[in-house]
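Asks: Sharing model.cif, mmCIF, C-alpha atoms:
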data_entry
loop_
_atom_site.label_atom_id
_atom_site.label_comp_id
_atom_site.auth_asym_id
_atom_site.auth_seq_id
_atom_site.Cartn_x
_atom_site.Cartn_y
_atom_site.Cartn_z
CA MET I 35 37.01 -1.23 -11.93
CA ASP I 36 39.61 -3.11 -13.84
CA LEU I 37 38.73 -2.98 -17.51
CA LYS I 38 38.50 -6.75 -17.96
CA LYS I 39 36.03 -7.09 -15.09
CA LEU I 40 33.96 -4.15 -16.40
CA ILE I 41 33.78 -5.55 -19.94
CA LYS I 42 32.91 -9.00 -18.60
CA THR I 43 30.08 -7.60 -16.46
CA LYS I 44 28.75 -5.37 -19.23
CA ASP I 45 28.84 -8.29 -21.66
CA PHE I 46 27.03 -10.48 -19.13
CA ILE I 47 24.23 -7.93 -18.70
CA GLU I 48 23.78 -7.53 -22.46
CA LYS I 49 23.61 -11.33 -22.93
CA MET I 50 21.13 -11.78 -20.11
CA SER I 51 18.98 -8.95 -21.50
CA LYS I 52 18.76 -10.95 -24.70
CA SER I 53 17.73 -14.07 -22.75
CA ILE I 54 14.99 -12.15 -20.90
CA GLU I 55 13.79 -10.68 -24.20
CA LEU I 56 13.51 -14.19 -25.69
CA ILE I 57 11.60 -15.45 -22.67
CA ILE I 58 9.09 -12.60 -23.03
CA TRP I 59 8.70 -13.28 -26.76
CA LYS I 60 8.18 -16.97 -26.08
CA ASN I 61 5.67 -16.56 -23.27
CA PHE I 62 3.69 -13.73 -24.84
CA PRO I 63 3.24 -14.63 -28.51
CA GLN I 64 0.13 -12.41 -28.58
CA LEU I 65 2.22 -9.23 -28.44
CA SER I 66 1.99 -7.09 -31.55
CA ARG I 67 5.00 -6.67 -33.84
CA GLN I 68 5.68 -3.20 -32.46
CA GLU I 69 5.37 -4.37 -28.84
CA LYS I 70 7.81 -7.19 -29.55
CA GLU I 71 10.29 -4.77 -31.08
CA ASP I 72 10.01 -2.59 -27.99
CA VAL I 73 10.75 -5.47 -25.61
CA GLU I 74 14.50 -5.43 -26.37
CA GLN I 75 14.78 -1.76 -25.45
CA GLU I 76 12.52 -2.09 -22.40
CA VAL I 77 14.54 -4.98 -20.98
CA LYS I 78 17.88 -3.25 -21.49
CA LEU I 79 16.70 0.02 -19.98
CA LYS I 80 15.13 -1.73 -17.03
CA ILE I 81 18.20 -3.82 -16.24
CA TRP I 82 20.66 -0.92 -16.58
CA ARG I 83 18.43 1.38 -14.55
CA MET I 84 18.41 -1.18 -11.79
CA VAL I 85 22.21 -1.40 -11.94
CA SER I 86 22.66 2.39 -11.94
CA GLY I 87 21.30 2.78 -8.42
CA GLY I 88 20.38 0.76 -5.39
CA LYS I 89 22.10 -0.69 -2.38
CA LYS I 90 25.82 -1.27 -1.95
CA ILE I 91 27.04 -4.29 -3.90
CA ARG I 92 28.52 -6.78 -1.46
CA ASN I 93 28.76 -9.86 -3.64
CA LEU I 94 28.82 -9.23 -7.37
CA LYS I 95 27.43 -12.63 -8.35
CA SER I 96 24.37 -12.62 -6.11
CA TYR I 97 23.78 -8.94 -6.94
CA LEU I 98 23.78 -9.62 -10.69
CA TRP I 99 21.69 -12.77 -10.33
CA ARG I 100 19.09 -10.84 -8.32
CA VAL I 101 19.02 -8.01 -10.89
CA VAL I 102 18.43 -10.49 -13.72
CA TYR I 103 15.70 -12.39 -11.85
CA THR I 104 13.96 -9.17 -10.78
CA THR I 105 14.01 -7.73 -14.30
CA THR I 106 12.53 -10.97 -15.68
CA LEU I 107 9.63 -10.94 -13.22
CA ASP I 108 9.03 -7.20 -13.65
CA MET I 109 8.77 -7.67 -17.41
CA ILE I 110 6.39 -10.62 -17.00
CA ASP I 111 4.20 -8.61 -14.59
CA GLU I 112 4.07 -5.69 -17.03
CA LYS I 113 3.08 -7.91 -19.95
CA MET I 114 0.52 -9.82 -17.86
CA ASN I 115 -1.05 -6.48 -16.95
CA ILE I 116 -1.54 -5.45 -20.56
CA LEU I 117 -2.70 -8.82 -21.93
CA PRO I 118 -5.89 -10.63 -20.89
CA PHE I 119 -4.91 -13.45 -18.53
CA ASP I 120 -6.87 -16.11 -20.47
CA SER I 121 -4.97 -15.37 -23.65
CA VAL I 122 -1.64 -15.59 -21.82
CA MET I 123 -2.55 -18.96 -20.34
CA GLU I 124 -4.37 -20.63 -23.21
CA GLU I 125 -1.35 -22.78 -24.16
CA GLN I 126 -0.84 -24.16 -20.65
CA GLY I 127 -3.37 -26.86 -19.87
CA ALA I 128 -1.58 -30.21 -19.50
CA ASN I 129 -1.94 -32.15 -16.25
CA PRO I 130 1.49 -32.18 -14.54
CA ILE I 131 0.89 -35.71 -13.20
CA SER I 132 1.05 -36.97 -16.79
CA ARG I 133 4.83 -36.41 -16.58
CA LEU I 134 5.14 -39.36 -14.20
CA ASP I 135 5.17 -42.95 -15.31
CA ILE I 136 1.81 -43.55 -13.61
CA ARG I 137 -1.46 -44.30 -15.40
CA PHE I 138 -4.52 -42.27 -14.54
CA SER I 139 -8.08 -42.30 -15.75
CA GLU I 140 -9.29 -39.99 -18.51
CA SER I 141 -12.87 -39.84 -17.18
CA LEU I 142 -13.44 -36.54 -15.36
CA MET I 143 -15.15 -37.99 -12.28
CA GLU I 144 -12.66 -40.80 -11.84
CA ARG I 145 -9.82 -38.41 -12.55
CA LYS I 146 -10.85 -36.07 -9.71
CA GLU I 147 -11.01 -38.98 -7.32
CA TRP I 148 -7.70 -40.26 -8.63
CA GLU I 149 -6.02 -36.88 -8.18
CA SER I 150 -7.15 -36.71 -4.57
CA MET I 151 -5.66 -40.19 -4.04
CA PHE I 152 -2.48 -39.08 -5.75
CA GLU I 153 -2.20 -36.04 -3.43
CA ARG I 154 -2.60 -38.23 -0.34
CA ALA I 155 0.01 -40.65 -1.61
CA LEU I 156 2.41 -37.83 -2.47
CA HIS I 157 2.13 -36.29 1.00
CA SER I 158 2.91 -39.59 2.62
CA LEU I 159 6.40 -39.59 1.07
CA VAL I 160 9.43 -38.50 3.09
CA GLN I 161 10.24 -34.83 2.48
CA ASN I 162 13.39 -35.22 0.32
CA ARG I 163 11.67 -37.63 -2.06
CA ARG I 164 8.46 -35.62 -2.07
CA ILE I 165 10.13 -32.34 -3.01
CA VAL I 166 12.06 -33.98 -5.84
CA ILE I 167 8.84 -35.48 -7.25
CA LYS I 168 7.05 -32.13 -6.92
CA LEU I 169 9.84 -30.31 -8.72
CA TYR I 170 9.71 -32.95 -11.44
CA LEU I 171 6.00 -32.24 -11.77
CA THR I 172 6.77 -28.55 -12.39
CA GLY I 173 8.60 -29.64 -15.53
CA MET I 174 12.17 -29.65 -14.23
CA ASN I 175 14.68 -32.30 -15.29
CA VAL I 176 17.16 -33.97 -12.93
CA LYS I 177 19.93 -31.43 -13.58
CA GLU I 178 17.58 -28.49 -12.99
CA ILE I 179 16.28 -30.02 -9.76
CA ALA I 180 19.85 -30.59 -8.59
CA ASP I 181 20.74 -26.94 -9.37
CA PHE I 182 17.60 -25.66 -7.69
CA LEU I 183 18.11 -27.61 -4.47
CA GLY I 184 21.91 -27.40 -4.51
CA TRP I 185 22.20 -31.21 -4.42
CA THR I 186 24.16 -33.58 -6.69
CA GLU I 187 22.48 -35.09 -9.74
CA SER I 188 23.05 -38.62 -8.43
CA LYS I 189 21.32 -37.75 -5.14
CA VAL I 190 18.35 -36.30 -7.05
CA ASN I 191 18.22 -39.33 -9.35
CA HIS I 192 18.22 -41.69 -6.40
CA LEU I 193 15.50 -39.71 -4.56
CA TYR I 194 13.38 -39.53 -7.69
CA TYR I 195 13.34 -43.28 -8.32
CA ARG I 196 12.82 -44.10 -4.63
CA GLY I 197 10.03 -41.50 -4.50
CA LEU I 198 8.33 -42.82 -7.61
CA SER I 199 8.47 -46.39 -6.32
CA ASP I 200 7.02 -45.30 -2.92
CA LEU I 201 4.32 -43.34 -4.71
CA LYS I 202 3.21 -46.32 -6.77
CA LYS I 203 3.15 -48.50 -3.67
CA GLN I 204 1.12 -45.93 -1.71
CA LEU I 205 -1.39 -45.55 -4.56
CA LYS I 206 -1.84 -49.29 -4.67
CA ASP I 207 -2.40 -49.38 -0.89
CA ILE I 208 -4.91 -46.49 -1.01
CA LYS I 209 -6.83 -48.16 -3.86
CA ASN I 210 -7.09 -51.41 -1.96
CA MET E 260 -2.15 -30.72 3.85
CA LYS E 261 0.12 -29.16 6.50
CA SER E 262 -1.06 -25.87 8.01
CA GLY E 263 2.08 -24.03 6.83
CA GLN E 264 1.32 -25.06 3.28
CA LYS E 265 -1.93 -23.12 3.31
CA LYS E 266 -0.12 -19.78 3.00
CA TYR E 267 0.08 -19.65 -0.80
CA GLN E 268 -3.12 -21.56 -1.47
CA THR E 269 -5.14 -18.48 -2.29
CA GLU E 270 -2.67 -15.63 -2.60
CA CYS E 271 0.31 -15.56 -4.92
CA PRO E 272 3.72 -15.08 -3.30
CA GLU E 273 5.63 -11.84 -3.83
CA ASN E 274 8.21 -11.86 -6.62
CA GLU E 275 10.87 -11.55 -3.95
CA VAL E 276 9.84 -14.96 -2.54
CA LEU E 277 10.10 -16.59 -5.96
CA ILE E 278 13.51 -15.02 -6.48
CA SER E 279 14.81 -16.02 -3.06
CA VAL E 280 14.19 -19.73 -3.66
CA PHE E 281 16.17 -19.50 -6.90
CA LEU E 282 18.94 -17.75 -4.95
CA LYS E 283 18.82 -20.73 -2.53
CA LYS E 284 17.85 -18.51 0.38
CA GLY E 285 14.83 -20.47 1.64
CA THR E 286 14.52 -23.61 3.74
CA LEU E 287 13.27 -26.89 2.26
CA GLU E 288 9.86 -26.22 3.85
CA GLU E 289 9.63 -22.77 2.24
CA GLN E 290 10.66 -24.20 -1.11
CA GLU E 291 8.03 -26.92 -0.88
CA ARG E 292 5.30 -24.44 0.08
CA LEU E 293 6.15 -22.37 -2.97
CA ILE E 294 6.24 -25.40 -5.30
CA ASP E 295 2.79 -26.44 -4.05
CA HIS E 296 1.49 -23.02 -5.04
CA VAL E 297 3.28 -23.07 -8.40
CA LEU E 298 1.70 -26.44 -9.23
CA ALA E 299 -1.73 -24.97 -8.57
CA CYS E 300 -1.36 -21.46 -10.05
CA GLN E 301 -0.75 -20.95 -13.76
CA LYS E 302 0.33 -17.35 -13.32
CA CYS E 303 3.08 -18.29 -10.89
CA LYS E 304 3.97 -21.35 -12.94
CA LEU E 305 4.73 -19.06 -15.88
CA LYS E 306 6.99 -16.96 -13.65
CA PHE E 307 8.60 -20.04 -12.11
CA ASP E 308 9.34 -21.48 -15.56
CA ALA E 309 10.83 -18.18 -16.69
CA LEU E 310 13.11 -18.09 -13.64
CA LYS E 311 14.08 -21.70 -14.28
CA GLN E 312 15.11 -20.83 -17.85
CA ILE E 313 17.03 -17.79 -16.62
CA SER E 314 18.67 -19.90 -13.93
CA ASN E 315 19.88 -22.33 -16.62
CA GLN E 316 21.39 -19.41 -18.53
CA LEU E 317 23.00 -18.01 -15.40
CA SER E 318 24.68 -21.30 -14.53
CA ALA E 319 26.95 -20.78 -17.57
CA PHE E 320 28.37 -17.65 -15.89
CA LYS E 321 28.57 -19.06 -12.37
CA GLU E 322 32.33 -19.60 -12.26
CA GLU E 323 33.13 -16.27 -13.92
CA PHE E 324 31.56 -14.29 -11.07
CA GLU E 325 32.10 -16.65 -8.12
CA GLY E 326 33.68 -14.77 -5.20
CA GLU E 327 33.97 -11.46 -7.14
CA LYS E 328 33.78 -8.36 -4.97
CA LEU E 329 33.79 -4.69 -5.94
CA SER E 330 35.68 -1.92 -4.18
CA THR E 331 33.80 1.36 -3.64
CA ARG E 332 35.64 2.86 -6.59
CA GLU E 333 34.86 -0.13 -8.83
CA GLU E 334 31.23 0.06 -7.81
CA GLY E 335 31.14 3.75 -8.74
CA GLU E 336 32.64 2.99 -12.12
CA PHE E 337 30.15 0.21 -12.70
CA ARG E 338 27.23 2.52 -11.87
CA ARG E 339 28.67 5.16 -14.21
CA THR E 340 28.81 2.60 -17.02
CA ALA E 341 25.16 1.82 -16.32
CA ARG E 342 24.19 5.48 -16.55
CA GLN E 343 26.15 5.87 -19.78
CA ARG E 344 24.35 2.84 -21.21
CA ILE E 345 20.97 4.28 -20.16
CA ARG E 346 21.79 7.51 -21.98
CA GLU E 347 22.79 5.59 -25.12
CA LEU E 348 19.61 3.52 -25.00
CA SER E 349 17.43 6.57 -24.38
CA GLU E 350 18.97 8.30 -27.39
CA LYS E 351 18.28 5.22 -29.50
CA GLN E 352 14.71 5.15 -28.24
CA LYS E 353 14.24 8.78 -29.24
CA ILE E 354 15.58 8.09 -32.75
CA SER E 355 13.35 5.05 -33.30
CA PHE E 356 10.38 7.03 -32.02
CA PHE E 357 10.98 9.85 -34.54
CA ARG E 358 11.46 7.36 -37.37
CA LEU E 359 7.92 6.15 -36.82
CA LEU E 360 6.37 9.62 -37.08
CA PRO E 361 5.07 11.04 -40.36
CA ALA E 362 6.65 14.30 -41.62
CA ARG E 363 3.73 16.58 -40.61
CA TYR E 364 3.88 15.35 -37.03
CA LEU E 365 7.60 15.98 -37.03
CA ALA E 366 6.97 19.58 -38.14
CA ILE E 367 4.50 20.06 -35.27
CA ALA E 368 6.94 18.44 -32.88
CA ALA E 369 9.78 20.70 -34.10
CA THR E 370 7.64 23.82 -33.49
CA ALA E 371 6.70 22.56 -30.04
CA LEU E 372 10.37 21.88 -29.33
CA LEU E 373 11.31 25.46 -30.28
CA ILE E 374 8.69 26.77 -27.86
CA VAL E 375 10.03 24.44 -25.16
CA ILE E 376 13.61 25.64 -25.76
CA ALA E 377 12.53 29.28 -25.59
CA GLY E 378 10.69 28.58 -22.33
CA TYR E 379 13.63 26.57 -21.04
CA LEU E 380 16.07 29.42 -21.74
CA LEU E 381 13.72 31.89 -20.07
CA ILE E 382 13.40 29.69 -16.98
CA THR E 383 17.19 29.22 -16.93
CA LYS E 384 17.60 32.99 -17.00
CA LEU E 385 15.25 33.32 -14.03
CA GLN E 386 16.95 30.43 -12.22
CA GLN E 387 20.32 32.08 -12.88
CA ARG E 388 19.14 35.05 -10.82
CA ASP E 389 17.96 32.76 -8.01
CA VAL E 390 21.17 30.72 -8.08
CA TYR E 391 23.21 33.92 -7.83
CA ARG E 392 21.27 34.73 -4.66
CA GLU E 393 21.89 31.19 -3.40
CA GLY E 394 25.59 31.64 -4.21
CA GLU E 395 25.66 34.65 -1.96
CA ARG E 396 24.35 32.43 0.79
CA GLY E 397 27.27 30.04 0.13
CA GLU E 398 25.30 27.38 -1.75
CA PHE E 399 26.24 25.48 -4.90
CA ARG E 400 26.42 27.49 -8.13
CA LEU E 401 28.13 27.49 -11.50
CA ILE E 402 30.61 30.33 -12.13
CA GLU E 403 31.69 30.43 -15.77
CA PRO E 404 31.23 30.47 -18.72
CA VAL E 405 27.90 32.35 -18.78
CA GLY E 406 26.22 34.80 -21.20
CA VAL E 407 27.76 35.74 -24.56
CA ILE E 408 31.41 34.80 -24.84
CA THR E 409 33.90 35.44 -27.65
CA GLU E 410 36.09 32.33 -27.45
CA VAL E 411 35.29 28.62 -27.19
CA PRO E 412 35.64 27.89 -23.44
CA SER E 413 38.37 25.55 -22.18
CA VAL E 414 37.46 25.44 -18.51
CA PHE E 415 34.10 25.32 -16.72
CA THR E 416 34.16 26.30 -13.06
CA TRP E 417 31.72 26.13 -10.17
CA THR E 418 31.70 26.56 -6.41
CA TYR E 419 32.97 23.84 -4.10
CA HIS E 420 30.35 21.73 -2.32
CA GLY E 421 31.44 20.27 1.00
CA GLU E 422 29.39 17.06 0.82
CA ALA E 423 30.19 16.13 -2.80
CA ASP E 424 32.38 13.13 -3.63
CA ASN E 425 32.10 13.70 -7.35
CA TYR E 426 30.56 16.08 -9.85
CA PHE E 427 28.61 15.05 -12.93
CA PHE E 428 29.03 17.58 -15.74
CA GLN E 429 27.01 17.67 -18.95
CA LEU E 430 26.95 20.00 -21.89
CA ILE E 431 23.76 20.24 -23.97
CA ASP E 432 23.27 22.13 -27.25
CA ASP E 433 20.24 24.27 -28.16
CA GLU E 434 18.57 21.26 -29.82
CA LEU E 435 18.76 19.51 -26.43
CA ASN E 436 21.36 16.99 -27.62
CA ILE E 437 23.96 15.99 -25.07
CA VAL E 438 27.32 17.10 -26.53
CA PHE E 439 29.32 15.28 -23.86
CA THR E 440 29.33 14.33 -20.21
CA LYS E 441 32.14 14.04 -17.68
CA THR E 442 32.40 12.78 -14.14
CA ILE E 443 34.92 14.59 -11.98
CA ASP E 444 35.79 12.17 -9.23
CA LEU E 445 37.20 13.78 -6.12
CA THR E 446 38.47 10.41 -4.89
CA GLU E 447 40.87 10.36 -7.83
CA GLY E 448 42.99 13.22 -6.49
CA VAL E 449 40.99 16.03 -8.13
CA TYR E 450 40.10 18.76 -5.68
CA GLU E 451 39.24 21.74 -7.85
CA PRO E 452 35.60 22.00 -8.87
CA LYS E 453 36.14 22.37 -12.61
CA ALA E 454 35.90 20.54 -15.95
CA THR E 455 38.58 21.04 -18.58
CA LEU E 456 37.84 20.41 -22.23
CA SER E 457 40.35 18.70 -24.51
CA GLU E 458 41.10 20.19 -27.94
CA GLY E 459 38.93 17.47 -29.49
CA GLU E 460 36.01 18.32 -27.24
CA LYS E 461 36.40 22.05 -27.93
CA LYS E 462 36.06 21.38 -31.66
CA LYS E 463 32.54 20.07 -31.03
CA LEU E 464 31.43 23.54 -29.87
CA LEU E 465 30.23 25.80 -32.70
CA ARG E 466 30.15 29.56 -32.93
CA GLY E 467 26.73 31.19 -33.01
CA LYS E 468 25.19 28.41 -30.95
CA THR E 469 23.84 28.46 -27.42
CA TYR E 470 24.86 25.75 -24.97
CA ILE E 471 23.45 24.73 -21.64
CA TRP E 472 25.76 23.20 -19.06
CA GLU E 473 24.75 21.49 -15.92
CA VAL E 474 26.70 20.17 -12.94
CA GLU E 475 25.36 17.79 -10.32
CA ALA E 476 27.20 17.50 -7.01
CA ARG E 477 26.90 13.84 -6.04
CA ASP E 478 27.70 11.65 -3.07
CA LEU E 479 29.85 8.51 -2.98
CA PHE E 480 27.02 6.43 -4.41
CA HIS E 481 26.45 8.93 -7.22
CA LYS E 482 23.23 10.17 -5.73
CA LYS E 483 22.50 13.81 -6.58
CA ILE E 484 22.89 16.25 -3.70
CA ILE E 485 22.34 19.49 -5.60
CA SER E 486 22.67 20.76 -9.15
CA ASP E 487 22.88 23.99 -11.09
CA ARG E 488 22.50 24.92 -14.73
CA LYS E 489 23.82 27.82 -16.84
CA HIS E 490 23.94 28.72 -20.52
CA PHE E 491 26.30 30.59 -22.78
CA GLU E 492 26.48 31.63 -26.42
CA ILE E 493 29.68 31.64 -28.44
CA LYS E 494 29.65 34.85 -30.45
CA GLU E 495 30.11 34.65 -34.26
CA LYS E 496 33.39 36.17 -35.47
#
Could you render the structure as structure tokens?
Replies:
Amino acid sequence: MDLKKLIKTKDFIEKMSKSIELIIWKNFPQLSRQEKEDVEQEVKLKIWRMVSGGKKIRNLKSYLWRVVYTTTLDMIDEKMNILPFDSVMEEQGANPISRLDIRFSESLMERKEWESMFERALHSLVQNRRIVIKLYLTGMNVKEIADFLGWTESKVNHLYYRGLSDLKKQLKDIKN
Amino acid sequence: MKSGQKKYQTECPENEVLISVFLKKGTLEEQERLIDHVLACQKCKLKFDALKQISNQLSAFKEEFEGEKLSTREEGEFRRTARQRIRELSEKQKISFFRLLPARYLAIAATALLIVIAGYLLITKLQQRDVYREGERGEFRLIEPVGVITEVPSVFTWTYHGEADNYFFQLIDDELNIVFTKTIDLTEGVYEPKATLSEGEKKKLLRGKTYIWEVEARDLFHKKIISDRKHFEIKEK
């Protein structure tokens, strides 16, 4: 392997190990000090072990991307297994619909009814608009949605605003 | 809700499915099915968010690796680097583990280690006899150095293995520390099954100490085919 390529790849893996480590720290604040200190080592060992064996590398980029994604999910699975699920999830309670510029009721009964209306309205949208709105509800911004779907930002922006407008219209129709 | 969308309503998708949508391998329908599940499942939402963050980080490296391919030789070198890194990290892990132990535990551990080494050397001695028998049957075995020797060895030799593409050599001291490792790549024009030590490497070997050396015959993808282990002691002057 030419030295430049090797250094670049090694450097990439070390940087991505750091990113995975930070994601674990951020998502599992309940880990003890010792467990947190161990995460760095665990991530690096896991990622390099994965690289040391396995199938023939056909495309370096997709191979590395897959290794990084797999290591991230393996680490999350391991931590989820050792921590009680409730404590992992206690921070995550916000209703995703609150991200949209649509008012909804705070009363529990009305809210349930409203959510069912919202779901019907959402499913009535054309697929491109619907998927953009759904991705927005997961917490993605326009750039992230564009990257995820492999579309341009302007296309995503356009679909988002058209989708939102259709959604409001549908909700109004369902209500009446 | 469409019938296809019911798939992930109760069961979480495999990690591979989550990864494949981030690698843009799925259809729009598959992506939507997964997003529906993610919006309803906090566990998968956490994973999805983590992959999203990683994806943002990866996009900074996109152009650097676009279209890059590795030759078989480059791939081998890359895997070797990985193994070297694993060894470095494992060593570090051992050190940090010992730093955490109180002195009395270290004393117990040192005694246990001595017993292990004694047992290890005994087993090696027994294996040596077996390997010699294997050698007679034409199988893989290490030739020299073995036993008590008077000079620091320069060359380590072993029998040729027909299926090997490379040999992984490592020298370990009697405290089970790796002194050094070498990969002898037969694709690089080396045909003799041997490892030669440089003057610098020879200086690392001390008189009065016992060393274990091990050679793994490996295939093109550095997978072990067979290995053998021997030990020698450099006699004090």
Asks: Name every residue that the PyMOL selection byres ((chain E and resi 471) around 12) selects in this structure, writing the answer as a compact mmCIF listing (two decimals) with C-alpha atoms, in the frame of the given file with chains first and numbers rising.
Replies:
# COMPACT_ATOMS: atom_id res chain seq x y z
CA ILE E 376 13.61 25.64 -25.76
CA TYR E 379 13.63 26.57 -21.04
CA LEU E 380 16.07 29.42 -21.74
CA THR E 383 17.19 29.22 -16.93
CA LYS E 384 17.60 32.99 -17.00
CA GLN E 387 20.32 32.08 -12.88
CA LEU E 401 28.13 27.49 -11.50
CA GLU E 403 31.69 30.43 -15.77
CA PRO E 404 31.23 30.47 -18.72
CA VAL E 405 27.90 32.35 -18.78
CA GLY E 406 26.22 34.80 -21.20
CA PHE E 415 34.10 25.32 -16.72
CA PHE E 428 29.03 17.58 -15.74
CA GLN E 429 27.01 17.67 -18.95
CA LEU E 430 26.95 20.00 -21.89
CA ILE E 431 23.76 20.24 -23.97
CA ASP E 432 23.27 22.13 -27.25
CA ASP E 433 20.24 24.27 -28.16
CA GLU E 434 18.57 21.26 -29.82
CA LEU E 435 18.76 19.51 -26.43
CA ASN E 436 21.36 16.99 -27.62
CA ILE E 437 23.96 15.99 -25.07
CA VAL E 438 27.32 17.10 -26.53
CA PHE E 439 29.32 15.28 -23.86
CA LEU E 464 31.43 23.54 -29.87
CA LYS E 468 25.19 28.41 -30.95
CA THR E 469 23.84 28.46 -27.42
CA TYR E 470 24.86 25.75 -24.97
CA TRP E 472 25.76 23.20 -19.06
CA GLU E 473 24.75 21.49 -15.92
CA VAL E 474 26.70 20.17 -12.94
CA ASP E 487 22.88 23.99 -11.09
CA ARG E 488 22.50 24.92 -14.73
CA LYS E 489 23.82 27.82 -16.84
CA HIS E 490 23.94 28.72 -20.52
CA PHE E 491 26.30 30.59 -22.78
CA GLU E 492 26.48 31.63 -26.42
CA ILE E 493 29.68 31.64 -28.44
Asks: Which residues of chain E come within 6 Å of chain I, and what is each one's closest atom pair and distance in Å (one decimal), counting all atoms listed in the file, sorted by chain and residue number, as a tab-separated table?
Replies:
residue	atom	partner	partner_atom	distance
E:Phe324	CA	I:Lys95	CA	5.2
E:Glu327	CA	I:Leu94	CA	5.6
E:Lys328	CA	I:Asn93	CA	5.4
E:Glu333	CA	I:Met35	CA	3.9
E:Arg338	CA	I:Ser86	CA	4.6
E:Ala341	CA	I:Ser86	CA	5.1
E:Arg342	CA	I:Ser86	CA	5.8
Asks: Keeping C-alpha atoms, export the residues of the selection given above as a PDB file, in the frame of the given file.
Replies:
ATOM      1  CA  PHE E 324      31.560 -14.290 -11.070  1.00  0.00           C
ATOM      2  CA  GLU E 327      33.970 -11.460  -7.140  1.00  0.00           C
ATOM      3  CA  LYS E 328      33.780  -8.360  -4.970  1.00  0.00           C
ATOM      4  CA  GLU E 333      34.860  -0.130  -8.830  1.00  0.00           C
ATOM      5  CA  ARG E 338      27.230   2.520 -11.870  1.00  0.00           C
ATOM      6  CA  ALA E 341      25.160   1.820 -16.320  1.00  0.00           C
ATOM      7  CA  ARG E 342      24.190   5.480 -16.550  1.00  0.00           C
TER       8      ARG E 342
END
Asks: Calculate how many Å separate atom CA of Glu270 of chain E from atom CA of His296 of chain E, rounding to one decimal.
Replies: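 Those two atoms sit 8.8 Å apart.
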Asks: Give me the residues near Val77 of chain I as a ChimeraX atom specification, where near means some atom within 8 Å (using only C-alpha atoms) and where sequence neighbours in that chain fewer than 5 positions away do not count.
Replies: /I:51,54-55,105,109
Asks: Between atom CA of Asp444 of chain E and atom CA of Glu410 of chain E, what is the distance in Å, rounded to a tenth?
Replies: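 These two atoms are separated by 27.2 Å.
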Asks: Calculate how many Å separate atom CA of Asp478 of chain E from atom CA of Arg339 of chain E, rounding to one decimal.
Replies: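 Here the two named atoms are 12.9 Å from each other.
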Asks: Determine the residue set returned by the PyMOL selection byres ((chain I and resi 200) around 10) for the present structure, and present it as a PyMOL selection string.
Replies: chain I and resi 155-156+158-160+163-164+194-199+201-206
Asks: Do you know which residues the PyMOL selection byres ((chain E and resi 308) around 10) returns on this file, as a list in words?
Replies: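 Applying the PyMOL selection byres ((chain E and resi 308) around 10) to the structure shown produces Ile57, Asn61, Thr172, Gly173 and Met174 of chain I; Val297, Cys303, Lys304, Leu305, Lys306, Phe307, Ala309, Leu310, Lys311, Gln312, Ile313 and Ser314 of chain E.
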Asks: Name the closest residue to Lys38 of chain I among the candidates E:Glu451, E:Glu495, E:Glu323, E:Glu422; distances are taken between atoms, counting only C-alpha atoms.
Replies: E:Glu323
Asks: Smallest atom-to-atom distance to Gly421 of chain E: which of E:Asn315, E:Glu336, E:Thr455, E:Ala476, using all atoms listed in the file?
Replies: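 Ranked by minimum distance to Gly421 of chain E, first place goes to E:Ala476.
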Asks: Pick from E:Lys284, E:Lys461, E:Cys271, E:Ile278: nearest to Cys300 of chain E, with only C-alpha atoms counted?
Replies: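 Nearest candidate to Cys300 of chain E out of E:Lys284, E:Lys461, E:Cys271, E:Ile278: E:Cys271.
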Asks: Using all atoms listed in the file, which residue out of I:Asp45, I:Glu147, I:Glu112, I:Asp207 lies closest to Glu69 of chain I?
Replies: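 Result for the nearest residue to Glu69 of chain I: I:Glu112.
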Asks: Could you work out an axis-aligned bounding box for all listed atoms of segment 189-208 of chain I, with 3 Å added on each of the six sides, and give its centre and edge lengths in Å to one decimal, as AutoDock Vina command-line options?
Replies:
--center_x 8.2 --center_y -42.8 --center_z -5.1 --size_x 32.2 --size_y 19.1 --size_z 14.5
